[in-house]
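Next comes input_2.cif, with mmCIF, C-alpha atoms.
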```cif
data_protein
loop_
_atom_site.label_atom_id
_atom_site.label_comp_id
_atom_site.auth_asym_id
_atom_site.auth_seq_id
_atom_site.Cartn_x
_atom_site.Cartn_y
_atom_site.Cartn_z
CA MET A 1352 38.30 72.44 40.84
CA MET A 1353 39.80 75.70 41.91
CA ARG A 1354 42.87 73.88 43.14
CA ASP A 1355 43.66 72.52 39.66
CA ARG A 1356 44.49 76.04 38.47
CA HIS A 1357 47.13 76.43 41.09
CA VAL A 1358 50.69 75.35 40.50
CA THR A 1359 51.62 74.00 43.94
CA HIS A 1360 52.18 70.55 42.45
CA LEU A 1361 54.93 72.02 40.28
CA LEU A 1362 56.75 74.05 42.89
CA THR A 1363 59.12 71.36 44.13
CA ARG A 1364 60.16 70.54 40.62
CA TYR A 1365 60.45 74.24 39.88
CA VAL A 1366 62.92 74.88 42.69
CA SER A 1367 64.78 71.69 41.79
CA ASP A 1368 65.23 72.89 38.22
CA GLN A 1369 63.30 70.01 36.71
CA LEU A 1370 60.65 71.77 34.66
CA ARG A 1371 60.63 72.33 30.95
CA PRO A 1372 60.85 75.94 29.86
CA ALA A 1373 57.14 76.12 29.12
CA GLN A 1374 56.27 74.77 32.57
CA ARG A 1375 58.61 77.21 34.25
CA ALA A 1376 56.97 80.06 32.41
CA ALA A 1377 53.55 78.85 33.52
CA VAL A 1378 54.63 78.83 37.16
CA ILE A 1379 56.13 82.28 36.93
CA ASN A 1380 53.09 83.70 35.28
CA HIS A 1381 50.71 82.11 37.78
CA VAL A 1382 52.47 83.19 40.96
CA ARG A 1383 52.33 86.79 39.79
CA THR A 1384 48.57 86.77 40.32
CA CYS A 1385 48.13 84.06 42.99
CA PRO A 1386 49.21 85.02 46.53
CA ALA A 1387 48.82 81.50 47.86
CA CYS A 1388 51.04 79.92 45.22
CA ARG A 1389 53.46 82.81 45.48
CA ALA A 1390 53.81 82.23 49.23
CA ALA A 1391 54.19 78.48 48.71
CA LEU A 1392 56.88 79.07 46.09
CA ALA A 1393 58.72 81.36 48.46
CA ARG A 1394 58.73 78.65 51.12
CA GLU A 1395 60.01 76.05 48.68
CA GLU A 1396 62.75 78.34 47.43
CA ARG A 1397 63.89 79.17 50.94
CA LEU A 1398 64.00 75.51 51.91
CA ALA A 1399 66.04 74.70 48.82
CA ALA A 1400 68.36 77.61 49.50
CA ASP A 1401 68.78 76.52 53.11
CA VAL A 1402 69.66 73.00 52.10
CA GLN A 1403 72.00 74.27 49.41
CA ARG A 1404 73.73 76.52 51.92
CA GLU A 1405 74.12 73.92 54.67
CA LEU A 1406 74.94 70.76 52.77
CA PRO A 1407 78.40 71.85 51.58
CA TYR A 1408 79.38 72.22 55.20
CA PHE A 1409 77.65 69.09 56.39
CA GLY A 1410 80.14 66.46 57.45
CA GLN A 1411 83.34 68.45 57.12
CA ALA A 1412 86.26 66.42 58.37
CA GLY A 1413 88.76 67.74 60.85
CA ALA A 1414 92.42 68.11 59.86
CA GLY A 1415 93.37 65.34 62.23
CA GLN A 1416 90.87 62.98 60.67
CA LEU A 1417 92.18 63.46 57.15
CA ALA A 1418 95.78 63.13 58.29
CA HIS A 1419 94.95 59.91 60.12
CA VAL A 1420 93.28 58.45 57.05
CA TRP A 1421 96.17 59.56 54.82
CA ALA A 1422 98.60 57.61 56.97
CA GLY A 1423 96.54 54.48 56.42
CA VAL A 1424 96.24 55.16 52.70
CA TRP A 1425 99.97 55.62 52.18
CA GLN A 1426 100.82 52.52 54.16
CA GLU A 1427 98.78 50.50 51.68
CA VAL A 1428 99.71 52.36 48.54
CA GLY A 1429 103.27 53.52 49.10
CA PRO A 1430 105.71 51.82 46.71
CA SER A 1431 108.10 50.87 49.45
CA ARG A 1432 105.30 49.36 51.45
CA ALA A 1433 103.57 47.55 48.62
CA SER A 1434 104.55 44.14 49.92
CA THR A 1435 104.14 44.70 53.62
CA PRO A 1436 101.05 43.82 55.56
CA ARG A 1437 98.47 46.43 56.38
CA ARG A 1438 99.58 49.01 58.94
CA GLY A 1439 103.26 47.91 58.72
CA HIS A 1440 103.02 45.28 61.47
CA PRO A 1441 103.87 41.62 61.10
CA PRO A 1442 100.91 39.27 61.01
CA THR A 1443 99.51 38.54 64.41
CA TRP A 1444 99.33 34.84 63.67
CA LEU A 1445 103.10 34.52 63.03
CA PRO A 1446 104.24 33.92 66.62
CA GLY A 1447 101.57 31.31 67.15
CA LEU A 1448 102.52 29.54 63.94
CA SER A 1449 106.17 29.55 64.99
CA VAL A 1450 105.30 27.86 68.29
CA VAL A 1451 103.25 25.21 66.55
CA LEU A 1452 106.01 24.48 64.06
CA ALA A 1453 108.57 24.21 66.84
CA MET A 1454 106.38 21.78 68.72
CA LEU A 1455 105.93 19.66 65.61
CA VAL A 1456 109.69 19.53 65.08
CA VAL A 1457 110.23 18.47 68.67
CA VAL A 1458 107.60 15.78 68.40
CA ALA A 1459 108.95 14.61 65.08
CA ILE A 1460 112.41 14.16 66.57
CA ALA A 1461 111.52 12.98 70.04
CA VAL A 1462 108.92 10.35 69.21
CA PRO A 1463 111.18 8.24 66.99
CA LEU A 1464 113.91 8.43 69.56
CA LEU A 1465 111.64 7.30 72.33
CA VAL A 1466 110.09 4.56 70.29
CA GLY A 1467 113.43 3.43 68.88
CA SER A 1468 115.12 3.15 72.24
CA GLY A 1469 112.32 1.01 73.54
CA VAL A 1470 112.50 -1.37 70.55
CA ARG A 1471 116.21 -1.67 70.81
CA ALA A 1472 115.85 -2.51 74.51
CA GLU A 1473 113.72 -5.50 73.62
CA ALA A 1474 115.36 -6.66 70.43
CA ALA A 1475 118.97 -6.26 71.36
CA PRO A 1476 120.34 -9.58 72.40
CA LEU A 1477 121.84 -9.88 75.81
CA GLN A 1478 125.53 -10.22 75.72
CA PRO A 1479 126.54 -13.77 76.29
CA ARG A 1480 127.73 -14.33 79.76
CA PRO A 1481 130.36 -16.75 80.62
CA ILE A 1482 128.78 -19.98 81.68
CA SER A 1483 128.97 -20.55 85.37
CA THR A 1484 131.01 -23.51 86.54
CA ALA A 1485 128.41 -24.32 89.13
CA SER A 1486 125.92 -27.02 88.48
CA PRO A 1487 123.08 -25.69 86.54
CA THR A 1488 119.90 -25.58 88.43
CA PRO A 1489 117.20 -26.58 86.12
CA GLY A 1490 114.37 -24.13 86.22
CA VAL A 1491 112.35 -23.43 83.24
CA THR A 1492 110.31 -20.39 83.21
CA ASP A 1493 108.41 -18.67 80.54
CA ASP A 1494 108.77 -15.37 82.20
CA PRO A 1495 110.85 -12.96 80.23
CA PRO A 1496 114.16 -12.09 81.69
CA ASP A 1497 114.05 -9.27 84.14
CA ARG A 1498 115.37 -6.29 82.31
CA ARG A 1499 116.15 -4.65 85.53
CA ALA A 1500 118.42 -7.45 86.55
CA PRO A 1501 122.02 -6.33 86.44
CA LEU A 1502 123.76 -7.54 83.42
CA ALA A 1503 126.60 -8.68 85.53
CA ALA A 1504 124.42 -11.33 87.02
CA SER A 1505 125.71 -14.67 86.26
CA GLY A 1506 124.68 -18.06 87.10
CA PRO A 1507 122.39 -20.68 85.83
CA GLN A 1508 119.25 -18.55 85.94
CA ALA A 1509 120.83 -15.94 83.77
CA THR A 1510 121.91 -18.56 81.33
CA ILE A 1511 118.50 -20.13 81.26
CA ALA A 1512 116.76 -16.79 80.91
CA PHE A 1513 119.03 -15.93 78.07
CA ALA A 1514 118.29 -19.21 76.43
CA VAL A 1515 114.53 -18.62 76.52
CA GLN A 1516 114.81 -15.69 74.15
CA VAL A 1517 114.21 -16.85 70.66
CA GLY A 1518 117.01 -16.53 68.29
CA ALA A 1519 119.33 -15.08 70.81
CA SER A 1520 121.17 -17.93 72.30
CA PRO A 1521 124.77 -18.23 71.40
CA ALA A 1522 125.29 -20.17 74.62
CA PRO A 1523 124.59 -23.79 74.51
CA MET A 1524 121.31 -24.70 76.03
CA PRO A 1525 120.89 -27.46 78.51
CA GLU A 1526 119.34 -30.05 76.32
CA ALA A 1527 117.35 -31.97 78.84
CA THR A 1528 115.75 -29.27 80.78
CA VAL A 1529 115.18 -26.28 78.59
CA SER A 1530 113.51 -25.97 75.34
CA PRO A 1531 112.66 -22.79 73.53
CA GLU A 1532 109.11 -24.00 73.23
CA ALA A 1533 108.81 -24.91 76.90
CA GLY A 1534 107.52 -21.58 77.88
CA LEU A 1535 105.21 -21.41 74.93
CA GLY A 1536 102.97 -24.23 75.82
CA VAL A 1537 103.84 -26.24 72.79
CA PRO A 1538 102.49 -29.75 73.12
CA GLY A 1539 105.02 -32.34 73.65
CA THR A 1540 107.37 -30.17 75.50
CA ASN A 1541 108.06 -29.93 79.13
CA MET B 1098 67.44 78.73 41.87
CA ASN B 1099 71.15 79.22 41.47
CA ASP B 1100 72.91 77.47 38.67
CA MET B 1101 74.29 74.40 40.31
CA ASN B 1102 77.24 74.33 37.95
CA THR B 1103 78.65 77.48 39.46
CA HIS B 1104 78.18 76.38 43.03
CA SER B 1105 81.59 76.43 44.66
CA SER B 1106 82.55 73.72 47.06
CA PRO B 1107 84.11 74.85 50.32
CA ASN B 1108 86.69 72.12 49.98
CA GLY B 1109 88.73 72.98 46.93
CA PRO B 1110 88.55 73.46 43.18
CA ARG B 1111 86.72 71.13 40.85
CA ALA B 1112 88.68 68.47 39.06
CA ALA B 1113 87.20 69.37 35.70
CA ASN B 1114 88.83 72.79 35.92
CA ASP B 1115 92.20 71.54 37.18
CA PRO B 1116 94.78 71.88 34.41
CA ASP B 1117 97.49 70.18 36.48
CA LEU B 1118 95.57 66.95 36.91
CA PRO B 1119 97.10 64.98 34.01
CA GLU B 1120 100.62 65.83 35.14
CA THR B 1121 99.81 64.97 38.75
CA ILE B 1122 98.41 61.61 37.74
CA GLU B 1123 101.50 60.94 35.64
CA ARG B 1124 103.71 61.70 38.63
CA CYS B 1125 101.62 59.34 40.74
CA LEU B 1126 102.12 56.58 38.20
CA ARG B 1127 105.87 57.15 38.52
CA GLY B 1128 105.51 56.62 42.29
CA GLU B 1129 106.01 60.14 43.60
CA GLN B 1130 104.61 60.40 47.11
CA ALA B 1131 104.17 64.14 46.82
CA ALA B 1132 101.86 63.63 43.85
CA PHE B 1133 99.71 61.16 45.76
CA ALA B 1134 99.57 63.58 48.68
CA ALA B 1135 98.51 66.40 46.39
CA LEU B 1136 95.63 64.37 44.98
CA TYR B 1137 94.64 63.32 48.47
CA ASP B 1138 94.65 66.86 49.80
CA ARG B 1139 92.59 68.02 46.85
CA TYR B 1140 89.83 65.41 46.88
CA ALA B 1141 89.74 63.75 50.30
CA PRO B 1142 87.67 66.49 51.97
CA SER B 1143 84.91 66.21 49.37
CA LEU B 1144 84.94 62.44 49.41
CA TYR B 1145 84.73 62.39 53.19
CA ARG B 1146 81.77 64.79 53.14
CA LEU B 1147 80.03 62.60 50.60
CA ALA B 1148 80.66 59.46 52.62
CA TYR B 1149 79.53 61.08 55.85
CA SER B 1150 76.40 62.51 54.25
CA VAL B 1151 75.39 59.03 53.24
CA LEU B 1152 76.56 56.99 56.23
CA LEU B 1153 76.19 59.55 59.06
CA VAL B 1154 78.91 57.77 61.09
CA GLU B 1155 82.39 59.31 61.32
CA GLN B 1156 84.29 56.02 61.60
CA ASP B 1157 82.45 54.51 58.66
CA ALA B 1158 83.08 57.62 56.60
CA GLU B 1159 86.80 57.43 57.42
CA ASP B 1160 86.93 53.77 56.46
CA VAL B 1161 85.15 54.45 53.18
CA LEU B 1162 87.47 57.36 52.45
CA GLN B 1163 90.53 55.19 52.98
CA GLU B 1164 89.15 52.33 50.89
CA SER B 1165 88.18 54.69 48.12
CA MET B 1166 91.52 56.50 47.98
CA VAL B 1167 93.48 53.26 48.10
CA TYR B 1168 91.43 51.83 45.25
CA ALA B 1169 91.74 55.01 43.21
CA PHE B 1170 95.52 55.25 43.71
CA ARG B 1171 96.03 51.62 42.79
CA ASN B 1172 93.91 52.00 39.66
CA LEU B 1173 95.02 55.41 38.42
CA ASP B 1174 96.26 53.84 35.22
CA ARG B 1175 92.68 52.73 34.51
CA TYR B 1176 91.19 56.22 34.72
CA ASP B 1177 90.13 57.42 31.28
CA PRO B 1178 89.61 61.18 30.96
CA GLN B 1179 87.51 60.60 27.85
CA ARG B 1180 84.87 58.82 29.90
CA GLY B 1181 84.31 61.51 32.50
CA ALA B 1182 85.77 63.92 34.98
CA PHE B 1183 88.23 62.69 37.59
CA ARG B 1184 85.96 63.93 40.34
CA THR B 1185 83.07 61.94 38.89
CA TRP B 1186 85.26 58.83 38.88
CA LEU B 1187 86.17 59.36 42.53
CA TYR B 1188 82.58 59.99 43.56
CA THR B 1189 81.49 56.80 41.84
CA ILE B 1190 84.11 54.81 43.72
CA THR B 1191 83.16 56.43 47.02
CA LEU B 1192 79.46 55.88 46.57
CA SER B 1193 80.06 52.24 45.76
CA ARG B 1194 82.08 51.83 48.95
CA CYS B 1195 79.32 53.58 50.91
CA ARG B 1196 76.79 51.08 49.65
CA ASN B 1197 79.08 48.22 50.57
CA ALA B 1198 79.49 49.67 54.04
CA ARG B 1199 75.73 49.97 54.44
CA ARG B 1200 75.27 46.36 53.48
CA ARG B 1201 77.88 45.27 56.01
CA LYS B 1202 76.25 46.84 58.96
CA TRP B 1203 73.00 48.17 60.26
CA LEU B 1204 73.28 51.89 60.67
CA PRO B 1205 72.53 52.88 64.23
CA THR B 1206 70.30 55.76 65.00
CA VAL B 1207 72.53 58.77 65.40
CA ALA B 1208 71.60 61.03 68.21
CA LEU B 1209 71.23 64.66 67.38
CA SER B 1210 74.08 65.38 69.78
CA SER B 1211 76.37 63.30 67.56
CA LEU B 1212 75.34 65.31 64.55
CA LEU B 1213 76.17 68.47 66.42
CA ASN B 1214 79.65 67.20 67.33
CA ILE B 1215 80.91 66.68 63.82
CA GLY B 1216 82.68 70.02 63.72
CA ILE B 1217 80.56 71.82 61.20
CA GLU B 1218 81.89 75.28 60.48
CA PRO B 1219 78.77 77.28 59.70
CA PRO B 1220 78.91 80.19 57.32
CA ALA B 1221 79.04 83.59 58.90
CA PRO B 1222 75.48 84.81 59.46
CA VAL B 1223 74.52 87.93 57.65
CA ASP B 1224 72.82 89.26 60.77
CA ASP B 1225 75.21 89.14 63.68
CA LEU B 1226 72.61 89.48 66.39
CA PRO B 1227 72.83 86.73 69.02
CA GLU B 1228 69.18 85.87 68.68
CA THR B 1229 69.58 85.58 64.94
CA ARG B 1230 72.57 83.28 65.29
CA ALA B 1231 70.61 81.18 67.77
CA ALA B 1232 67.67 80.98 65.39
CA TRP B 1233 69.93 79.84 62.54
CA GLN B 1234 71.47 77.27 64.82
CA ASP B 1235 68.02 75.88 65.58
CA VAL B 1236 67.19 75.70 61.90
CA ARG B 1237 70.52 74.04 61.16
CA GLU B 1238 69.87 71.43 63.81
CA SER B 1239 66.42 70.81 62.50
CA LEU B 1240 67.74 70.41 58.99
CA ALA B 1241 70.45 68.01 60.10
CA GLN B 1242 67.83 65.94 61.89
CA ALA B 1243 65.59 66.04 58.86
CA LEU B 1244 68.43 64.79 56.65
CA HIS B 1245 68.76 61.85 58.96
CA THR B 1246 65.18 60.82 58.23
CA LEU B 1247 65.92 60.40 54.54
CA SER B 1248 66.64 57.00 53.12
CA PRO B 1249 70.27 56.34 52.08
CA ARG B 1250 69.38 56.69 48.39
CA LEU B 1251 67.77 60.06 48.95
CA ARG B 1252 70.70 61.16 51.09
CA GLU B 1253 73.03 60.19 48.27
CA ALA B 1254 71.04 62.34 45.88
CA VAL B 1255 70.86 65.31 48.25
CA ALA B 1256 74.57 65.09 49.07
CA LEU B 1257 75.59 65.02 45.42
CA ARG B 1258 73.16 67.72 44.32
CA TYR B 1259 73.34 70.15 47.19
CA GLY B 1260 76.51 69.16 48.92
CA HIS B 1261 78.72 68.95 45.84
CA GLY B 1262 76.84 70.99 43.27
CA LEU B 1263 76.55 68.27 40.66
CA THR B 1264 74.18 68.41 37.74
CA TYR B 1265 71.48 65.79 37.31
CA ARG B 1266 73.50 64.25 34.50
CA GLU B 1267 76.56 63.93 36.72
CA MET B 1268 74.42 62.55 39.52
CA ALA B 1269 72.95 59.94 37.23
CA GLU B 1270 76.40 58.89 36.06
CA ILE B 1271 77.72 58.52 39.58
CA ILE B 1272 74.67 56.86 41.08
CA GLY B 1273 74.19 54.65 38.06
CA CYS B 1274 70.59 55.52 37.25
CA PRO B 1275 68.67 57.43 34.58
CA GLN B 1276 68.67 61.19 34.86
CA LYS B 1277 64.93 61.22 35.47
CA THR B 1278 65.45 58.92 38.43
CA ALA B 1279 68.02 61.33 39.87
CA GLU B 1280 65.54 64.17 39.45
CA SER B 1281 62.79 62.17 41.14
CA ARG B 1282 65.00 61.42 44.13
CA ILE B 1283 65.76 65.10 44.60
CA ARG B 1284 62.09 65.91 44.41
CA LEU B 1285 61.19 63.22 46.91
CA ALA B 1286 63.99 64.31 49.22
CA HIS B 1287 62.80 67.88 49.05
CA GLU B 1288 59.25 66.87 50.00
CA GLN B 1289 60.42 64.69 52.86
CA LEU B 1290 62.68 67.42 54.18
CA ARG B 1291 59.78 69.79 54.15
CA GLN B 1292 57.63 67.35 56.08
CA ALA B 1293 60.39 66.40 58.48
CA MET B 1294 61.14 69.92 59.54
CA SER B 1295 58.65 70.85 62.19
CA ALA B 1296 56.14 73.60 61.74
CA ALA B 1297 57.94 75.66 64.38
CA ASP B 1298 61.18 75.37 62.48
CA ARG B 1299 59.53 76.36 59.25
CA ALA B 1300 58.05 79.39 60.98
CA ALA B 1301 61.45 80.28 62.40
CA LEU B 1302 62.92 79.97 58.95
CA GLU B 1303 60.22 82.22 57.58
CA GLU B 1304 60.93 84.78 60.26
CA LEU B 1305 64.64 84.72 59.59
CA TRP B 1306 64.18 85.22 55.89
CA ASN B 1307 61.78 88.09 56.49
CA THR B 1308 64.04 89.99 58.89
#
```

Produce structure tokens that represent the structure in this file.
Amino acid sequence: MMRDRHVTHLLTRYVSDQLRPAQRAAVINHVRTCPACRAALAREERLAADVQRELPYFGQAGAGQLAHVWAGVWQEVGPSRASTPRRGHPPTWLPGLSVVLAMLVVVAIAVPLLVGSGVRAEAAPLQPRPISTASPTPGVTDDPPDRRAPLAASGPQATIAFAVQVGASPAPMPEATVSPEAGLGVPGTN
Amino acid sequence: MNDMNTHSSPNGPRAANDPDLPETIERCLRGEQAAFAALYDRYAPSLYRLAYSVLLVEQDAEDVLQESMVYAFRNLDRYDPQRGAFRTWLYTITLSRCRNARRRKWLPTVALSSLLNIGIEPPAPVDDLPETRAAWQDVRESLAQALHTLSPRLREAVALRYGHGLTYREMAEIIGCPQKTAESRIRLAHEQLRQAMSAADRAALEELWNT
């Protein structure tokens, strides 16, 4: 075909400097006598020249841009800043972590105190009260002593209530009317 | 076509021709801030242009520039002059970061107006007529838009070849491909640019060259 004698298929590689010397010579020789290929080569060369002229200026950074990036680079690379976090600021999670740790410390201290005071309130034996000289009024109850009752209360009820608590009865218990097991429903007891 | 090896970058001398580079690197390894700043001033503009040419987003290009310079400064002791030019080493790092950035996000379509706001300083036109300047501006815009239609790999190739004047061998070393592959990408990019530029723009370009 007539087209096969043309060199248009080589022109892009010609302007891109990708042809072997023999191929380059063939293109040069052909375009001397072929107006169509000569015009096509001229267009390719102008396009390549236009790209070559414009690309070095494509994407030039402004002075402010480069200075801004340099500041970030030196913060990361500078010897005196080698161990600091990025951008020289403390980590954003540090305040939150401090609050959490403080709350844990408070909980760790407060909970045992609260729990301990409650246990001691139940386990601590009531101080023995002087036995009232009045006749004891028998009255067995399995109700626990009223913690809210003033400790100064005296009388037979206080004595009896004290005696109900297991293992906490330095005062002599009325033998006939009160038994530690009375309030526990133990068979054989009153 | 001009010899690409003599193409001068508008952003500073080439590292291969810099006789002070070994001493500057040595000063950096001793921790001198001025030495780091000198290297940054010398190579950051080129690295930013490369990153922007590939990513087409200013913020991404800035991020890549920072990542690349930080990595390079922290690994200066690992640079071996026997294995290649310092510039080649930096370009390889930058291109790698560009590919990582592309994988992290989907590049949005950049409006032509954004391309026009990147502060390009065009070369002084030979013909100072207003209509000539306007015509060149149209062609420049068309070319910028055409570059945007290229795939990232082709943009990499075009940026390295035309934007930084590298040889095919240097391109292959930086991109990490055979030299023939680098040549093919330039050829493909050239064909796509030709197709992407409208017929009107090509005619305008013809007219400008013929005046």

Interatomic distance (Å, one decimal) between atom CA of B:Glu1267 and atom CA of A:Ala1391
29.3 Å

Measure the distance from atom CA of B:Phe1133 to atom CA of B:Arg1258 in Å and round it to one decimal.
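Result for atom CA of B:Phe1133 versus atom CA of B:Arg1258: 27.4 Å, one decimal.
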
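Among the candidates A:Gly1467, A:Gln1369, A:Leu1406, A:His1360, the one nearest to B:Arg1282 when counting all atoms listed in the file is A:Gln1369.
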
Quick one: which residues end up in the PyMOL selection byres ((chain A) within 7 of (chain B)) for this structure, as a PyMOL selection string?
chain A and resi 1363-1364+1366-1367+1369+1402-1403+1406-1412+1420+1423-1424+1427-1428+1430

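Take the candidates B:Leu1118, B:Ala1269, B:Asp1235, B:Arg1200 and check each one against B:Phe1183 using only C-alpha atoms; the shortest distance goes to B:Leu1118.
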
What is the distance between atom CA of B:Arg1266 and atom CA of B:Arg1199, in Å to one decimal?
24.6 Å

Mind completing stretch 1240-1262 of chain B with N, CA and C atoms? Output as a PDB file, in the frame of the given file, please?
```pdb
ATOM      1  N   LEU B1240      67.439  70.908  60.321  1.00  0.00           N
ATOM      2  CA  LEU B1240      67.740  70.410  58.990  1.00  0.00           C
ATOM      3  C   LEU B1240      68.612  69.157  59.063  1.00  0.00           C
ATOM      4  N   ALA B1241      69.585  69.186  59.944  1.00  0.00           N
ATOM      5  CA  ALA B1241      70.450  68.010  60.100  1.00  0.00           C
ATOM      6  C   ALA B1241      69.621  66.800  60.535  1.00  0.00           C
ATOM      7  N   GLN B1242      68.686  67.039  61.455  1.00  0.00           N
ATOM      8  CA  GLN B1242      67.830  65.940  61.890  1.00  0.00           C
ATOM      9  C   GLN B1242      66.928  65.459  60.764  1.00  0.00           C
ATOM     10  N   ALA B1243      66.442  66.404  59.982  1.00  0.00           N
ATOM     11  CA  ALA B1243      65.590  66.040  58.860  1.00  0.00           C
ATOM     12  C   ALA B1243      66.359  65.228  57.823  1.00  0.00           C
ATOM     13  N   LEU B1244      67.607  65.557  57.587  1.00  0.00           N
ATOM     14  CA  LEU B1244      68.430  64.790  56.650  1.00  0.00           C
ATOM     15  C   LEU B1244      68.558  63.356  57.105  1.00  0.00           C
ATOM     16  N   HIS B1245      68.604  63.184  58.422  1.00  0.00           N
ATOM     17  CA  HIS B1245      68.760  61.850  58.960  1.00  0.00           C
ATOM     18  C   HIS B1245      67.527  60.983  58.690  1.00  0.00           C
ATOM     19  N   THR B1246      66.381  61.606  58.471  1.00  0.00           N
ATOM     20  CA  THR B1246      65.180  60.820  58.230  1.00  0.00           C
ATOM     21  C   THR B1246      65.088  60.321  56.792  1.00  0.00           C
ATOM     22  N   LEU B1247      65.947  60.835  55.930  1.00  0.00           N
ATOM     23  CA  LEU B1247      65.920  60.400  54.540  1.00  0.00           C
ATOM     24  C   LEU B1247      66.502  58.997  54.408  1.00  0.00           C
ATOM     25  N   SER B1248      66.049  58.301  53.408  1.00  0.00           N
ATOM     26  CA  SER B1248      66.640  57.000  53.120  1.00  0.00           C
ATOM     27  C   SER B1248      68.055  57.206  52.557  1.00  0.00           C
ATOM     28  N   PRO B1249      68.899  56.178  52.605  1.00  0.00           N
ATOM     29  CA  PRO B1249      70.270  56.340  52.080  1.00  0.00           C
ATOM     30  C   PRO B1249      70.296  56.796  50.623  1.00  0.00           C
ATOM     31  N   ARG B1250      69.379  56.289  49.808  1.00  0.00           N
ATOM     32  CA  ARG B1250      69.380  56.690  48.390  1.00  0.00           C
ATOM     33  C   ARG B1250      69.051  58.156  48.240  1.00  0.00           C
ATOM     34  N   LEU B1251      68.102  58.642  49.038  1.00  0.00           N
ATOM     35  CA  LEU B1251      67.770  60.060  48.950  1.00  0.00           C
ATOM     36  C   LEU B1251      68.890  60.921  49.521  1.00  0.00           C
ATOM     37  N   ARG B1252      69.564  60.412  50.556  1.00  0.00           N
ATOM     38  CA  ARG B1252      70.700  61.160  51.090  1.00  0.00           C
ATOM     39  C   ARG B1252      71.825  61.248  50.068  1.00  0.00           C
ATOM     40  N   GLU B1253      72.033  60.167  49.334  1.00  0.00           N
ATOM     41  CA  GLU B1253      73.030  60.190  48.270  1.00  0.00           C
ATOM     42  C   GLU B1253      72.708  61.317  47.284  1.00  0.00           C
ATOM     43  N   ALA B1254      71.447  61.348  46.878  1.00  0.00           N
ATOM     44  CA  ALA B1254      71.040  62.340  45.880  1.00  0.00           C
ATOM     45  C   ALA B1254      71.206  63.758  46.425  1.00  0.00           C
ATOM     46  N   VAL B1255      70.770  63.971  47.655  1.00  0.00           N
ATOM     47  CA  VAL B1255      70.860  65.310  48.250  1.00  0.00           C
ATOM     48  C   VAL B1255      72.326  65.717  48.414  1.00  0.00           C
ATOM     49  N   ALA B1256      73.154  64.779  48.859  1.00  0.00           N
ATOM     50  CA  ALA B1256      74.570  65.090  49.070  1.00  0.00           C
ATOM     51  C   ALA B1256      75.244  65.470  47.762  1.00  0.00           C
ATOM     52  N   LEU B1257      74.950  64.727  46.699  1.00  0.00           N
ATOM     53  CA  LEU B1257      75.590  65.020  45.420  1.00  0.00           C
ATOM     54  C   LEU B1257      75.080  66.322  44.817  1.00  0.00           C
ATOM     55  N   ARG B1258      73.759  66.526  44.935  1.00  0.00           N
ATOM     56  CA  ARG B1258      73.160  67.720  44.320  1.00  0.00           C
ATOM     57  C   ARG B1258      73.470  68.978  45.104  1.00  0.00           C
ATOM     58  N   TYR B1259      73.181  68.951  46.381  1.00  0.00           N
ATOM     59  CA  TYR B1259      73.340  70.150  47.190  1.00  0.00           C
ATOM     60  C   TYR B1259      74.686  70.250  47.870  1.00  0.00           C
ATOM     61  N   GLY B1260      75.244  69.130  48.218  1.00  0.00           N
ATOM     62  CA  GLY B1260      76.510  69.160  48.920  1.00  0.00           C
ATOM     63  C   GLY B1260      77.711  69.326  48.006  1.00  0.00           C
ATOM     64  N   HIS B1261      77.569  68.888  46.747  1.00  0.00           N
ATOM     65  CA  HIS B1261      78.720  68.950  45.840  1.00  0.00           C
ATOM     66  C   HIS B1261      78.397  69.639  44.532  1.00  0.00           C
ATOM     67  N   GLY B1262      77.180  70.155  44.420  1.00  0.00           N
ATOM     68  CA  GLY B1262      76.840  70.990  43.270  1.00  0.00           C
ATOM     69  C   GLY B1262      76.871  70.278  41.933  1.00  0.00           C
TER      70      GLY B1262
END
```
